[in-house]
Structures are given as C-alpha cells and as structure tokens.
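With CSV, C-alpha atoms inside, this is my_file_20.csv:
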chain,number,residue,atom,x,y,z
A,1052,MET,CA,259.4,-84.7,85.9
A,1053,ARG,CA,258.0,-83.2,89.2
A,1054,ALA,CA,258.1,-79.8,87.6
A,1055,ASN,CA,256.0,-81.0,84.6
A,1056,ARG,CA,253.5,-82.7,86.9
A,1057,TRP,CA,253.3,-79.4,88.9
A,1058,LEU,CA,252.7,-77.5,85.7
A,1059,LEU,CA,250.0,-80.0,84.6
A,1060,GLY,CA,248.3,-79.6,87.9
A,1061,ILE,CA,248.3,-75.9,87.6
A,1062,ALA,CA,246.9,-76.1,84.1
A,1063,ALA,CA,244.1,-78.5,85.2
A,1064,ALA,CA,243.2,-76.3,88.1
A,1065,ILE,CA,242.9,-73.3,85.7
A,1066,LEU,CA,240.7,-75.3,83.4
A,1067,VAL,CA,238.4,-76.4,86.2
A,1068,ALA,CA,238.2,-72.9,87.5
A,1069,GLY,CA,237.4,-71.6,84.0
A,1070,ALA,CA,234.6,-74.2,83.7
A,1071,ALA,CA,233.2,-73.2,87.1
A,1072,GLU,CA,233.2,-69.6,86.1
A,1073,ALA,CA,231.4,-70.4,82.9
A,1074,GLN,CA,228.4,-71.7,84.8
A,1075,THR,CA,225.8,-69.2,85.9
A,1076,LYS,CA,223.5,-70.2,88.8
A,1077,TRP,CA,220.2,-68.7,89.5
A,1078,ASP,CA,217.9,-69.4,92.4
A,1079,LEU,CA,214.2,-69.0,91.5
A,1080,PRO,CA,211.9,-68.5,94.5
A,1081,SER,CA,208.3,-69.6,94.3
A,1082,ALA,CA,205.5,-69.6,97.0
A,1083,TYR,CA,203.9,-72.9,96.0
A,1084,PRO,CA,204.5,-76.6,96.8
A,1085,LYS,CA,206.9,-78.7,94.7
A,1086,ASP,CA,204.1,-80.8,93.3
A,1087,ASN,CA,201.9,-77.8,92.3
A,1088,PHE,CA,201.6,-77.5,88.5
A,1089,HIS,CA,203.0,-74.0,88.5
A,1090,THR,CA,206.1,-75.3,90.3
A,1091,GLU,CA,206.4,-78.3,88.0
A,1092,ASN,CA,206.2,-75.9,85.0
A,1093,LEU,CA,209.0,-73.9,86.5
A,1094,ALA,CA,211.1,-77.0,86.8
A,1095,MET,CA,210.5,-77.9,83.1
A,1096,PHE,CA,211.4,-74.3,82.2
A,1097,ALA,CA,214.7,-74.7,84.2
A,1098,GLU,CA,215.4,-78.1,82.5
A,1099,THR,CA,214.8,-76.6,79.1
A,1100,VAL,CA,217.2,-73.8,79.8
A,1101,ALA,CA,219.9,-76.2,81.1
A,1102,ARG,CA,219.7,-78.4,78.0
A,1103,ALA,CA,219.7,-75.5,75.6
A,1104,THR,CA,222.7,-73.9,77.3
A,1105,GLY,CA,224.7,-77.1,77.8
A,1106,GLY,CA,224.5,-76.5,81.6
A,1107,LYS,CA,226.0,-73.0,81.4
A,1108,LEU,CA,222.9,-71.6,83.1
A,1109,ALA,CA,221.5,-73.6,86.0
A,1110,ILE,CA,218.2,-72.5,87.5
A,1111,THR,CA,217.3,-74.0,90.9
A,1112,ILE,CA,213.6,-73.7,91.9
A,1113,ARG,CA,213.1,-72.8,95.6
A,1114,PRO,CA,209.4,-73.8,96.2
A,1115,ASN,CA,206.9,-73.4,99.0
A,1116,ALA,CA,208.2,-69.9,100.1
A,1117,SER,CA,211.4,-71.6,101.3
A,1118,LEU,CA,213.6,-68.7,100.2
A,1119,PHE,CA,211.2,-65.7,100.5
A,1120,ALA,CA,207.6,-65.3,101.5
A,1121,ALA,CA,205.3,-64.7,98.6
A,1122,PRO,CA,204.9,-60.9,99.1
A,1123,GLU,CA,208.7,-60.5,99.3
A,1124,ILE,CA,209.7,-62.2,96.0
A,1125,MET,CA,209.3,-59.2,93.6
A,1126,SER,CA,211.2,-57.0,96.0
A,1127,ALA,CA,213.9,-59.6,96.3
A,1128,VAL,CA,214.4,-59.6,92.5
A,1129,ARG,CA,214.1,-55.8,92.3
A,1130,ILE,CA,217.0,-55.3,94.9
A,1131,ASN,CA,219.0,-58.2,93.4
A,1132,SER,CA,218.8,-60.6,96.3
A,1133,VAL,CA,217.9,-63.1,93.6
A,1134,PRO,CA,218.0,-62.7,89.8
A,1135,ILE,CA,214.7,-64.3,89.0
A,1136,GLY,CA,211.4,-65.1,90.7
A,1137,GLU,CA,207.7,-66.1,90.4
A,1138,ILE,CA,204.8,-64.5,92.1
A,1139,LEU,CA,201.0,-64.3,91.9
A,1140,MET,CA,200.7,-61.1,89.8
A,1141,ALA,CA,197.9,-59.7,91.9
A,1142,LEU,CA,200.0,-59.6,95.0
A,1143,ASN,CA,201.5,-56.3,93.8
A,1144,ALA,CA,198.2,-54.7,92.9
A,1145,ASN,CA,198.6,-52.1,95.7
A,1146,GLU,CA,201.9,-51.1,94.0
A,1147,ASP,CA,200.3,-50.8,90.5
A,1148,PRO,CA,196.6,-51.5,89.7
A,1149,MET,CA,197.6,-53.1,86.5
A,1150,PHE,CA,199.0,-56.0,88.4
A,1151,GLY,CA,195.5,-56.6,89.7
A,1152,ILE,CA,193.6,-56.5,86.4
A,1153,ASP,CA,193.2,-60.3,86.2
A,1154,VAL,CA,191.5,-60.4,89.7
A,1155,VAL,CA,188.7,-57.9,88.8
A,1156,PRO,CA,185.7,-60.2,89.5
A,1157,PHE,CA,183.8,-61.4,86.5
A,1158,LEU,CA,185.9,-59.4,84.0
A,1159,ALA,CA,187.3,-62.6,82.5
A,1160,THR,CA,185.6,-65.8,83.6
A,1161,SER,CA,186.9,-68.4,81.0
A,1162,TYR,CA,190.3,-69.3,79.8
A,1163,ALA,CA,189.5,-67.8,76.4
A,1164,GLU,CA,188.5,-64.5,78.0
A,1165,ALA,CA,191.5,-64.6,80.3
A,1166,GLY,CA,193.8,-65.2,77.3
A,1167,LYS,CA,192.4,-62.1,75.6
A,1168,LEU,CA,192.7,-60.0,78.8
A,1169,TRP,CA,196.4,-61.1,79.1
A,1170,LYS,CA,197.1,-60.2,75.5
A,1171,ALA,CA,195.5,-56.8,76.0
A,1172,SER,CA,197.2,-56.1,79.4
A,1173,ARG,CA,200.7,-57.6,78.9
A,1174,PRO,CA,202.3,-54.6,77.1
A,1175,ALA,CA,201.3,-52.3,80.1
A,1176,ILE,CA,202.6,-54.8,82.6
A,1177,GLU,CA,205.9,-55.3,80.7
A,1178,GLU,CA,206.3,-51.5,80.7
A,1179,ARG,CA,205.8,-51.4,84.4
A,1180,MET,CA,208.3,-54.2,85.0
A,1181,ALA,CA,210.8,-52.5,82.8
A,1182,SER,CA,210.6,-49.3,84.9
A,1183,ASP,CA,211.9,-51.4,87.8
A,1184,GLY,CA,214.7,-53.0,85.7
A,1185,MET,CA,212.9,-56.3,85.3
A,1186,VAL,CA,211.8,-58.4,82.3
A,1187,LEU,CA,208.6,-60.3,82.3
A,1188,LEU,CA,209.3,-63.8,81.0
A,1189,PHE,CA,205.9,-65.6,81.1
A,1190,ALA,CA,202.6,-65.9,82.9
A,1191,VAL,CA,200.5,-68.9,83.6
A,1192,PRO,CA,196.9,-68.9,84.9
A,1193,TRP,CA,195.4,-70.6,87.9
A,1194,PRO,CA,192.1,-72.4,87.5
A,1195,PRO,CA,189.1,-70.1,88.0
A,1196,GLN,CA,188.4,-68.9,91.5
A,1197,GLY,CA,185.6,-70.5,93.5
A,1198,VAL,CA,184.2,-70.1,97.1
A,1199,TYR,CA,185.1,-72.6,99.8
A,1200,ALA,CA,183.0,-72.7,103.0
A,1201,LYS,CA,182.1,-74.8,106.0
A,1202,LYS,CA,178.4,-74.3,105.3
A,1203,ALA,CA,176.0,-73.8,102.4
A,1204,ILE,CA,176.1,-70.3,100.8
A,1205,GLU,CA,173.0,-69.4,98.8
A,1206,SER,CA,173.5,-65.7,98.7
A,1207,VAL,CA,176.1,-63.1,99.6
A,1208,ALA,CA,174.1,-62.5,102.8
A,1209,ASP,CA,175.2,-65.9,103.9
A,1210,MET,CA,178.8,-64.8,103.8
A,1211,LYS,CA,178.3,-62.1,106.5
A,1212,GLY,CA,180.3,-62.7,109.6
A,1213,LEU,CA,182.6,-65.4,108.1
A,1214,PHE,CA,186.3,-65.4,108.8
A,1215,TRP,CA,187.3,-64.8,105.1
A,1216,ARG,CA,190.8,-65.6,104.0
A,1217,THR,CA,192.3,-62.9,101.8
A,1218,TYR,CA,195.6,-62.8,99.8
A,1219,ASN,CA,195.4,-59.6,97.9
A,1220,ALA,CA,193.5,-56.3,97.8
A,1221,GLN,CA,190.6,-57.7,95.8
A,1222,THR,CA,189.8,-60.6,98.0
A,1223,GLU,CA,190.0,-58.3,101.0
A,1224,ARG,CA,187.6,-55.9,99.4
A,1225,ILE,CA,185.2,-58.7,98.6
A,1226,GLY,CA,185.3,-59.7,102.3
A,1227,GLN,CA,184.5,-56.1,103.3
A,1228,LEU,CA,181.6,-55.8,100.9
A,1229,VAL,CA,179.9,-59.0,102.0
A,1230,GLY,CA,180.4,-58.2,105.7
A,1231,ALA,CA,182.9,-60.9,106.4
A,1232,TYR,CA,186.1,-60.6,108.5
A,1233,PRO,CA,189.1,-60.4,106.2
A,1234,VAL,CA,192.1,-62.4,107.4
A,1235,ARG,CA,195.3,-62.2,105.4
A,1236,VAL,CA,196.8,-65.6,104.7
A,1237,GLN,CA,199.3,-66.5,102.0
A,1238,ALA,CA,199.2,-69.8,100.1
A,1239,ALA,CA,202.1,-71.4,102.0
A,1240,ASP,CA,200.2,-70.7,105.3
A,1241,LEU,CA,196.8,-71.7,104.2
A,1242,PRO,CA,196.9,-75.4,105.3
A,1243,LYS,CA,197.8,-74.3,108.9
A,1244,ALA,CA,195.1,-71.6,108.9
A,1245,LEU,CA,192.5,-74.2,107.9
A,1246,THR,CA,193.5,-76.9,110.4
A,1247,THR,CA,193.6,-74.3,113.3
A,1248,GLY,CA,190.2,-72.9,112.3
A,1249,PHE,CA,191.7,-69.5,111.7
A,1250,ILE,CA,189.4,-69.1,108.7
A,1251,ASN,CA,186.1,-70.7,107.7
A,1252,ALA,CA,185.7,-69.5,104.2
A,1253,PHE,CA,187.9,-68.3,101.3
A,1254,MET,CA,188.0,-67.8,97.6
A,1255,THR,CA,190.7,-69.5,95.6
A,1256,SER,CA,191.2,-72.0,92.8
A,1257,SER,CA,190.6,-75.8,92.7
A,1258,ALA,CA,194.4,-76.2,92.6
A,1259,THR,CA,195.0,-74.3,95.9
A,1260,GLY,CA,192.0,-76.0,97.5
A,1261,TYR,CA,193.6,-79.3,96.6
A,1262,ASP,CA,197.1,-78.3,97.7
A,1263,SER,CA,195.7,-77.2,101.1
A,1264,ARG,CA,193.5,-80.3,101.6
A,1265,ALA,CA,190.4,-78.1,101.9
A,1266,TRP,CA,188.1,-81.2,102.2
A,1267,GLU,CA,189.5,-81.8,105.7
A,1268,THR,CA,187.9,-78.6,107.0
A,1269,MET,CA,185.6,-77.3,104.4
A,1270,THR,CA,182.3,-78.9,103.2
A,1271,HIS,CA,181.3,-76.8,100.1
A,1272,PHE,CA,183.0,-75.6,97.0
A,1273,TYR,CA,181.1,-73.2,94.7
A,1274,ASP,CA,182.5,-73.0,91.2
A,1275,THR,CA,181.8,-69.3,90.8
A,1276,GLN,CA,184.6,-68.8,88.2
A,1277,ALA,CA,185.0,-65.3,89.6
A,1278,TRP,CA,188.3,-64.6,87.9
A,1279,ILE,CA,191.4,-66.4,86.5
A,1280,PRO,CA,194.5,-65.0,88.2
A,1281,LYS,CA,198.0,-65.6,86.9
A,1282,ASN,CA,201.5,-66.3,88.3
A,1283,MET,CA,204.2,-64.4,86.4
A,1284,THR,CA,207.9,-65.3,86.2
A,1285,PHE,CA,210.3,-62.4,85.7
A,1286,VAL,CA,214.1,-61.7,85.7
A,1287,ARG,CA,216.3,-58.8,86.4
A,1288,LYS,CA,217.3,-57.2,83.1
A,1289,ASP,CA,220.9,-56.9,84.0
A,1290,ALA,CA,221.1,-60.6,84.9
A,1291,LEU,CA,219.6,-61.5,81.5
A,1292,ASP,CA,221.9,-59.1,79.7
A,1293,LYS,CA,225.0,-60.6,81.4
A,1294,LEU,CA,224.2,-63.9,79.6
A,1295,ASP,CA,225.8,-64.6,76.3
A,1296,PRO,CA,223.4,-64.1,73.3
A,1297,ALA,CA,222.8,-67.8,72.9
A,1298,ALA,CA,221.9,-68.3,76.5
A,1299,ARG,CA,219.8,-65.2,76.6
A,1300,GLN,CA,217.8,-66.5,73.6
A,1301,ALA,CA,217.5,-69.9,75.3
A,1302,VAL,CA,215.9,-68.3,78.3
A,1303,LEU,CA,213.4,-66.3,76.2
A,1304,ALA,CA,212.6,-69.4,74.0
A,1305,ALA,CA,212.1,-71.6,77.1
A,1306,ALA,CA,209.8,-68.8,78.6
A,1307,THR,CA,207.6,-68.8,75.5
A,1308,ALA,CA,207.3,-72.6,75.7
A,1309,ALA,CA,206.5,-72.5,79.4
A,1310,GLU,CA,203.7,-70.0,78.9
A,1311,ALA,CA,202.0,-72.1,76.2
A,1312,ARG,CA,202.5,-75.3,78.2
A,1313,GLY,CA,201.2,-73.7,81.4
A,1314,TRP,CA,198.0,-72.4,79.9
A,1315,GLN,CA,197.2,-75.9,78.6
A,1316,VAL,CA,198.1,-77.7,81.8
A,1317,SER,CA,196.1,-75.3,83.9
A,1318,GLN,CA,192.9,-76.2,82.0
A,1319,GLU,CA,193.7,-80.0,82.3
A,1320,LYS,CA,194.5,-79.7,85.9
A,1321,ASN,CA,191.4,-77.7,86.7
A,1322,ARG,CA,189.2,-80.6,85.6
A,1323,TRP,CA,191.4,-83.0,87.6
A,1324,TYR,CA,191.5,-80.9,90.8
A,1325,THR,CA,187.7,-80.3,90.7
A,1326,ALA,CA,187.1,-84.0,90.4
A,1327,GLN,CA,189.4,-84.7,93.3
A,1328,LEU,CA,187.6,-82.2,95.6
A,1329,SER,CA,184.4,-84.1,94.9
A,1330,ALA,CA,186.1,-87.5,95.3
A,1331,LYS,CA,187.4,-86.4,98.7
A,1332,GLY,CA,183.9,-85.7,99.9
A,1333,MET,CA,183.3,-82.0,99.2
A,1334,LYS,CA,180.1,-80.8,97.7
A,1335,VAL,CA,181.2,-79.2,94.4
A,1336,LEU,CA,178.3,-77.0,93.3
A,1337,GLN,CA,177.3,-74.3,90.8
A,1338,PRO,CA,176.4,-71.1,92.6
A,1339,SER,CA,172.7,-70.3,93.0
A,1340,GLU,CA,171.2,-67.6,90.8
A,1341,GLU,CA,170.9,-65.4,93.9
A,1342,LEU,CA,174.6,-65.9,94.8
A,1343,ARG,CA,175.7,-65.4,91.2
A,1344,ALA,CA,173.7,-62.1,90.9
A,1345,GLY,CA,175.1,-60.8,94.2
A,1346,LEU,CA,178.7,-61.6,93.2
A,1347,LYS,CA,178.2,-60.0,89.8
A,1348,LYS,CA,177.0,-56.8,91.5
A,1349,ILE,CA,180.1,-56.8,93.6
A,1350,GLY,CA,182.2,-57.4,90.5
A,1351,GLU,CA,180.6,-54.3,88.8
A,1352,GLN,CA,181.5,-52.2,91.8
A,1353,LEU,CA,185.1,-53.5,91.9
A,1354,THR,CA,185.5,-53.0,88.2
A,1355,ALA,CA,184.6,-49.3,88.7
A,1356,GLU,CA,186.9,-49.0,91.7
A,1357,TRP,CA,189.8,-50.6,89.7
A,1358,LEU,CA,189.2,-48.2,86.7
A,1359,ASN,CA,189.3,-45.3,89.1
A,1360,LYS,CA,192.7,-46.4,90.3
A,1361,ALA,CA,194.1,-47.5,87.0
A,1362,GLY,CA,193.1,-44.3,85.2
A,1363,SER,CA,193.6,-43.9,81.4
A,1364,ARG,CA,196.0,-46.9,81.2
A,1365,GLY,CA,193.3,-49.1,82.6
A,1366,PHE,CA,190.6,-47.7,80.4
A,1367,ASP,CA,192.8,-48.2,77.3
A,1368,VAL,CA,193.5,-51.8,78.3
A,1369,LEU,CA,189.8,-52.6,79.0
A,1370,THR,CA,188.8,-51.0,75.7
A,1371,LYS,CA,191.4,-53.1,73.8
A,1372,TYR,CA,190.2,-56.2,75.6
A,1373,GLN,CA,186.5,-55.6,74.9
A,1374,GLN,CA,187.3,-55.1,71.2
A,1375,MET,CA,189.0,-58.5,70.8

Exercise: express the given structure as structure tokens:
Amino acid sequence: MRANRWLLGIAAAILVAGAAEAQTKWDLPSAYPKDNFHTENLAMFAETVARATGGKLAITIRPNASLFAAPEIMSAVRINSVPIGEILMALNANEDPMFGIDVVPFLATSYAEAGKLWKASRPAIEERMASDGMVLLFAVPWPPQGVYAKKAIESVADMKGLFWRTYNAQTERIGQLVGAYPVRVQAADLPKALTTGFINAFMTSSATGYDSRAWETMTHFYDTQAWIPKNMTFVRKDALDKLDPAARQAVLAAATAAEARGWQVSQEKNRWYTAQLSAKGMKVLQPSEELRAGLKKIGEQLTAEWLNKAGSRGFDVLTKYQQM
C-alpha cells in the first residue's frame, strides 16, 4: 500500500512538473504608467493571449520603466534579456532613421494621415526589425503632439532660451532650431523634472501631459498637432517560433486586435485628455498663425534632414505615402 502511494505521489509530481513546463512566461517591459491607455492596451493583449492559449502563454506587463528604462527596452529584447517589449518607436531613430518617420514634424498631422504613413512605412520597419531577429507585432499612436509651456508662446521666437524637454533626436533638433536649451528627459522621469523646475517647456501628447500632471507646473498647452508618434510592440523571432503553432497564431491574432483597438482608443482618449487639461486649469489653445508658420518652416527643414539620412528607402516610403 505504501509503495502504491509512493508511486502515485511520483506520478502526480511528474504531472505537475509537466504542466509547469507547458506554461511559457514572458515579461513585457513598458515605459509608461499602469493606467496609461497604451499600458491598458498591452494588458488586454496579454489577457487575449492567455485566454486563447488556455493559459499556456502568460505575458506579464512591467509598466513605468520598472524593468528597463525606455531607451534600454529594444536592446533588452535584442539580446534576449526579455522576449518581448514595447517602446516609443522614435527612440531608436538614431539607430535607423526609419524609426523616426512618424516624428517628422507636420508630415502627418491627423489620425487618417498617420494611418496612411504607418501603412506606407510598416514594411520597411518590419524588414529592419527582422534583421535584428525581431518581429513587429503592432503599433499604436499617441495623441497628436502639442507644446506645453509656463508662459504664452505666440511665435517660435518666444521659445528661445526655454529649458526644452527632449526625448528623441527630433525633439532635440527642434529645441536647437528655436534656440532653446534641450534637456533629455524620458517619460517616466517627466513628473519629477516638472516638479523640480528642471524644464519649463516641452512637446508631447495630451496623454503624457495628463500622466505627468502638467497643469501643476505649466500654464499653456498649444494644440499644434505637430506629429503623431507611435509605440510599437515587438517580440524576438526565436521566442515566437518556440511556441506551438496554435499559440503563435494566438499571439499574432491578439496583436492585430490590439492595433485596431489602440488606434480607436487613442482618438477617444485624446478628446478626454485634452478636456481634462482644460478642466485642471490649463489654457488649451490653438497656435497662432505666426507660431504655426514658424513650426511649419522647421518641419520642412527637418523633413529634408530626415530624407538626407533615410536615403532612397525614405524617399520610396514618402512617395508611397503621398500617393495614398
């Protein structure tokens, strides 16, 4: 009898071990707060995958740069520190200009235009990701970028001398062109930079302005709609290939759904975030014609600079976009 119990115990242990081995666990680092709509969309993506795979693939979201700082996430996936991640695509524009196509000022200033630009540029970005052994899963836009400041800004001349928060090459270049002092601050560090007075102006979305409680330190928000950047979620190809065919298909299907959902939510959230900025006491304004004209001129210069870096690939993508 004792022998039978012992054998049953061994059999049960083997079954438990087998079940444990059958579950794959992925950590997904993100740079944004848990209640940001991008992070919420990631959580829904993970839940969809878990349901579709019967729990065989468990994706845990690690928000607010708790696992890796924003600029480290792509490298972490590339070297297999984690199998999957989400970043602001433009963070890697210095690595490849194609990653910065959606932050070329005034190239795409509406969701409809941003959707066309994404359709035109996605194949080139997927090709670049594949060269590093990664698979692009989906991309979701932020709301359009506007200018936050502690004073009224009627022209680009009013931006001279400001301590201008940057988070990528393009925002740094804008700061240089208007005569501001560029200060590199990632999203997770923005609230602290604001409360300590480290910066007094910056360009970002209504969403990040809300997340960072910009109304506590800034007085003006100009809805310039300069560009519509995207976060992209990607996975190592070998991690995806290790999944069984059904689980792999579940990930890809959940990614397609997450992208469609994210684009819709971004538009809905933009209206809500902008209303909240106003409700919290910020002056939410359209840019003056002088400011708009000055920023457009900067945009034309940065488009030319981007094309110079991107070469024939960039020219082909822009031509495809303009023909849509």

### Message
Give me, as a VMD selection string, all polymer residues having an atom no more than 12 Å from Ala1326 in chain A, counting only C-alpha atoms and skipping those fewer than 3 positions away in the same chain.
### Response
chain A and resid 1257 to 1258 1260 to 1261 1272 1274 1319 to 1323 1329 to 1336

Interface rows for range 1288-1334 of chain A against range 1126-1146 of chain A: nearest pair, Å to one decimal, 9 Å, all atoms listed in the file, as JSON lines:
{"residue": "A:Lys1288", "atom": "CA", "partner": "A:Pro1134", "partner_atom": "CA", "distance": 8.7}
{"residue": "A:Asp1289", "atom": "CA", "partner": "A:Pro1134", "partner_atom": "CA", "distance": 8.7}
{"residue": "A:Ala1290", "atom": "CA", "partner": "A:Pro1134", "partner_atom": "CA", "distance": 6.2}
{"residue": "A:Leu1291", "atom": "CA", "partner": "A:Pro1134", "partner_atom": "CA", "distance": 8.5}

### Task
Rank A:Arg1264, A:Gly1166, A:Pro1280, A:Ser1339 by their smallest atom-to-atom distance to Ile1152 in chain A, using all atoms listed in the file, and report the top residue only.
A:Pro1280

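Residues in contact range of range 1206-1208 of chain A, defined as at most 8 Å between all atoms listed in the file, with sequence neighbours fewer than 4 positions away removed, read A:Val1229, A:Ser1339, A:Glu1341, A:Leu1342, A:Arg1343, A:Gly1345, A:Leu1346.
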
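The space between CA of His1089 in chain A and CA of Gln1074 in chain A spans 25.8 Å.
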
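Closest approach to Met1185 in chain A from the set A:Ala1231, A:Ile1225, A:Leu1328, A:Met1283 is made by A:Met1283, with distances taken over only C-alpha atoms.
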
### Task
Quote the spacing between CA of Thr1284 in chain A and CA of Glu1223 in chain A in Å to one decimal place.
24.3 Å

### Message
I'd like the interatomic distance between CA of Ala1082 in chain A and CA of Ala1120 in chain A, to a tenth of an Å.
### Response
6.6 Å
